[in-house]
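Written below as structure tokens is the structure these notes are about.
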Amino acid sequence: MSKLIINERPLLVPPTLATKIGLNEAIVLQQLHFLSTISDNEIDGHKWVYNSFDDWQRQFPFWSRPTIVRIFKRLKDADLIITGNYNKQAYDRTLWYAVNYKTLSKLSN
């Protein structure tokens, strides 16, 4: 058996979501949703996930950092994600991310 097949946690991509928002955006949004389900960071009614773009690149090693930045920008511009800064240190500019489920539900209608 090949070691390249499913010996690690897979990334899921719902085809319907990929058709509506694009493949790369669907991969990131699905991963953000999954991470938010296991997050303990609940603020203002949202479950938040925080990562630097370097941290995101470790999760998505098949994309360059500029590609990841563009994907997150497109998701934010489409209002599919919400960003915030809830860091304890003022100098820490790591963004926090939450899925905007209201906008996402409008896409499914």
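Starting from 1 in every chain, residues are counted up; chains themselves are A, B, ... following the order of the structure tokens, and ligands are numbered from 1 as listed.
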### Query
Got a sec: who's within 7 Å of Val49 in chain A, counting only C-alpha atoms, leaving out chain neighbours fewer than 2 positions off, as a PyMOL selection string?
chain A and resi 35-36+39+47+51+96-98
Compile the contact shell of Arg9 in chain A as a PDB file with N, CA, C and O atoms, in the first residue's frame: residues with an atom at most 12 Å away, counting only C-alpha atoms, same-chain residues fewer than 6 positions apart removed.
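Final file, selection_16.pdb:
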```
ATOM      1  N   GLN A  31     -11.827  23.840   6.140  1.00  0.00           N
ATOM      2  CA  GLN A  31     -10.832  23.627   7.197  1.00  0.00           C
ATOM      3  C   GLN A  31     -11.081  24.590   8.361  1.00  0.00           C
ATOM      4  O   GLN A  31     -10.976  24.209   9.523  1.00  0.00           O
ATOM      5  N   PHE A  34     -13.971  23.249  10.306  1.00  0.00           N
ATOM      6  CA  PHE A  34     -13.561  22.114  11.131  1.00  0.00           C
ATOM      7  C   PHE A  34     -12.791  22.600  12.360  1.00  0.00           C
ATOM      8  O   PHE A  34     -13.078  22.179  13.489  1.00  0.00           O
ATOM      9  N   GLN A  59      -0.342  24.266   7.269  1.00  0.00           N
ATOM     10  CA  GLN A  59      -1.537  23.433   7.072  1.00  0.00           C
ATOM     11  C   GLN A  59      -1.810  23.168   5.591  1.00  0.00           C
ATOM     12  O   GLN A  59      -2.405  22.155   5.242  1.00  0.00           O
TER      13      GLN A  59
END
```
Selection near Tyr86 in chain A, 10 Å with only C-alpha atoms, sequence-local residues under 2 positions removed, as a CSV table (one decimal) with all heavy atoms, in the first residue's frame:
```csv
chain,number,residue,atom,x,y,z
A,41,ASN,N,-12.1,29.0,21.7
A,41,ASN,CA,-12.1,30.5,21.6
A,41,ASN,C,-13.5,31.0,21.1
A,41,ASN,O,-13.7,31.2,19.9
A,41,ASN,CB,-11.0,31.0,20.7
A,41,ASN,CG,-9.7,30.5,21.2
A,41,ASN,OD1,-9.3,30.6,22.4
A,41,ASN,ND2,-8.9,29.9,20.3
A,43,ILE,N,-16.0,34.1,21.3
A,43,ILE,CA,-16.1,35.5,21.6
A,43,ILE,C,-17.2,36.1,20.7
A,43,ILE,O,-17.2,35.8,19.5
A,43,ILE,CB,-14.8,36.2,21.3
A,43,ILE,CG1,-13.7,35.6,22.2
A,43,ILE,CG2,-14.9,37.7,21.7
A,43,ILE,CD1,-12.3,36.1,21.8
A,48,TRP,N,-13.7,31.1,17.2
A,48,TRP,CA,-12.5,31.7,16.5
A,48,TRP,C,-11.4,30.8,16.4
A,48,TRP,O,-11.1,30.0,17.3
A,48,TRP,CB,-12.1,33.0,17.2
A,48,TRP,CG,-13.1,34.1,17.2
A,48,TRP,CD1,-14.1,34.3,18.1
A,48,TRP,CD2,-13.3,35.1,16.2
A,48,TRP,NE1,-14.9,35.4,17.7
A,48,TRP,CE2,-14.4,35.9,16.5
A,48,TRP,CE3,-12.6,35.4,15.0
A,48,TRP,CZ2,-14.8,37.0,15.8
A,48,TRP,CZ3,-13.1,36.5,14.2
A,48,TRP,CH2,-14.2,37.2,14.6
A,50,TYR,N,-7.2,31.1,15.3
A,50,TYR,CA,-6.2,32.1,15.0
A,50,TYR,C,-4.9,31.4,14.5
A,50,TYR,O,-4.5,30.4,15.0
A,50,TYR,CB,-5.8,33.0,16.2
A,50,TYR,CG,-5.4,32.3,17.4
A,50,TYR,CD1,-4.0,32.0,17.6
A,50,TYR,CD2,-6.3,31.9,18.4
A,50,TYR,CE1,-3.6,31.4,18.8
A,50,TYR,CE2,-5.9,31.2,19.5
A,50,TYR,CZ,-4.5,31.0,19.7
A,50,TYR,OH,-4.1,30.3,20.8
A,83,THR,N,-12.9,38.5,10.4
A,83,THR,CA,-11.6,38.5,11.1
A,83,THR,C,-11.6,39.5,12.3
A,83,THR,O,-12.5,40.4,12.4
A,83,THR,CB,-10.5,39.0,10.1
A,83,THR,OG1,-10.8,40.3,9.7
A,83,THR,CG2,-10.3,38.1,8.9
A,84,GLY,N,-10.8,39.2,13.2
A,84,GLY,CA,-10.7,40.0,14.4
A,84,GLY,C,-9.3,39.9,15.0
A,84,GLY,O,-8.5,39.0,14.6
A,88,LYS,N,-3.7,39.0,23.4
A,88,LYS,CA,-3.5,39.6,24.7
A,88,LYS,C,-2.4,40.7,24.6
A,88,LYS,O,-2.4,41.7,25.3
A,88,LYS,CB,-3.1,38.6,25.7
A,88,LYS,CG,-4.2,37.6,26.0
A,88,LYS,CD,-3.9,36.6,27.1
A,88,LYS,CE,-4.8,35.5,27.3
A,88,LYS,NZ,-6.2,35.6,27.2
A,89,GLN,N,-1.4,40.5,23.7
A,89,GLN,CA,-0.3,41.4,23.5
A,89,GLN,C,-0.6,42.4,22.3
A,89,GLN,O,-1.0,41.9,21.2
A,89,GLN,CB,1.0,40.7,23.2
A,89,GLN,CG,1.3,39.7,24.3
A,89,GLN,CD,1.6,40.2,25.6
A,89,GLN,OE1,2.0,41.4,25.8
A,89,GLN,NE2,1.2,39.5,26.7
A,90,ALA,N,-0.5,43.7,22.5
A,90,ALA,CA,-0.8,44.7,21.5
A,90,ALA,C,0.0,44.5,20.3
A,90,ALA,O,-0.4,44.8,19.2
A,90,ALA,CB,-0.7,46.1,22.1
A,92,ASP,N,1.1,41.8,19.0
A,92,ASP,CA,0.7,40.5,18.2
A,92,ASP,C,-0.4,40.9,17.3
A,92,ASP,O,-1.5,41.2,17.7
A,92,ASP,CB,0.2,39.5,19.2
A,92,ASP,CG,0.0,38.1,18.6
A,92,ASP,OD1,0.1,38.0,17.3
A,92,ASP,OD2,-0.2,37.1,19.3
A,93,ARG,N,-0.1,40.8,16.0
A,93,ARG,CA,-1.1,41.1,14.9
A,93,ARG,C,-1.7,39.9,14.3
A,93,ARG,O,-2.2,40.0,13.2
A,93,ARG,CB,-0.4,42.1,13.9
A,93,ARG,CG,0.0,43.4,14.6
A,93,ARG,CD,0.7,44.4,13.7
A,93,ARG,NE,-0.1,44.6,12.6
A,93,ARG,CZ,0.3,45.1,11.4
A,93,ARG,NH1,1.6,45.4,11.3
A,93,ARG,NH2,-0.5,45.3,10.4
A,94,THR,N,-1.5,38.8,14.9
A,94,THR,CA,-2.1,37.5,14.3
A,94,THR,C,-3.6,37.7,14.3
A,94,THR,O,-4.3,38.1,15.2
A,94,THR,CB,-1.8,36.3,15.2
A,94,THR,OG1,-0.4,36.2,15.3
A,94,THR,CG2,-2.3,35.0,14.7
A,95,LEU,N,-4.2,37.4,13.1
A,95,LEU,CA,-5.6,37.6,12.9
A,95,LEU,C,-6.3,36.3,13.4
A,95,LEU,O,-5.8,35.2,13.3
A,95,LEU,CB,-5.9,37.8,11.4
A,95,LEU,CG,-5.7,39.2,10.9
A,95,LEU,CD1,-6.0,39.2,9.4
A,95,LEU,CD2,-6.5,40.2,11.6
A,96,TRP,N,-7.5,36.5,13.9
A,96,TRP,CA,-8.4,35.5,14.3
A,96,TRP,C,-9.5,35.4,13.2
A,96,TRP,O,-9.9,36.4,12.6
A,96,TRP,CB,-9.0,35.8,15.6
A,96,TRP,CG,-8.1,35.8,16.8
A,96,TRP,CD1,-6.9,36.4,16.8
A,96,TRP,CD2,-8.3,35.3,18.1
A,96,TRP,NE1,-6.3,36.2,18.0
A,96,TRP,CE2,-7.2,35.5,18.9
A,96,TRP,CE3,-9.4,34.6,18.7
A,96,TRP,CZ2,-7.1,35.1,20.2
A,96,TRP,CZ3,-9.3,34.2,20.0
A,96,TRP,CH2,-8.1,34.5,20.7
```
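The spacing separating CA of Gln57 in chain A from CA of Val69 in chain A amounts to 9.7 Å.
For the choices A:Asp54, A:Pro61, A:Leu75, A:Leu107, the atom-to-atom distance to Leu29 in chain A is smallest for A:Leu75 when using only C-alpha atoms.
Note that CA of Asn87 in chain A and CA of Glu25 in chain A are 25.3 Å apart.
Among the candidate residues A:Phe72, A:Leu12, A:Leu23, A:Thr37, the one lying nearest to Phe53 in chain A is A:Phe72, with distances computed using only C-alpha atoms.
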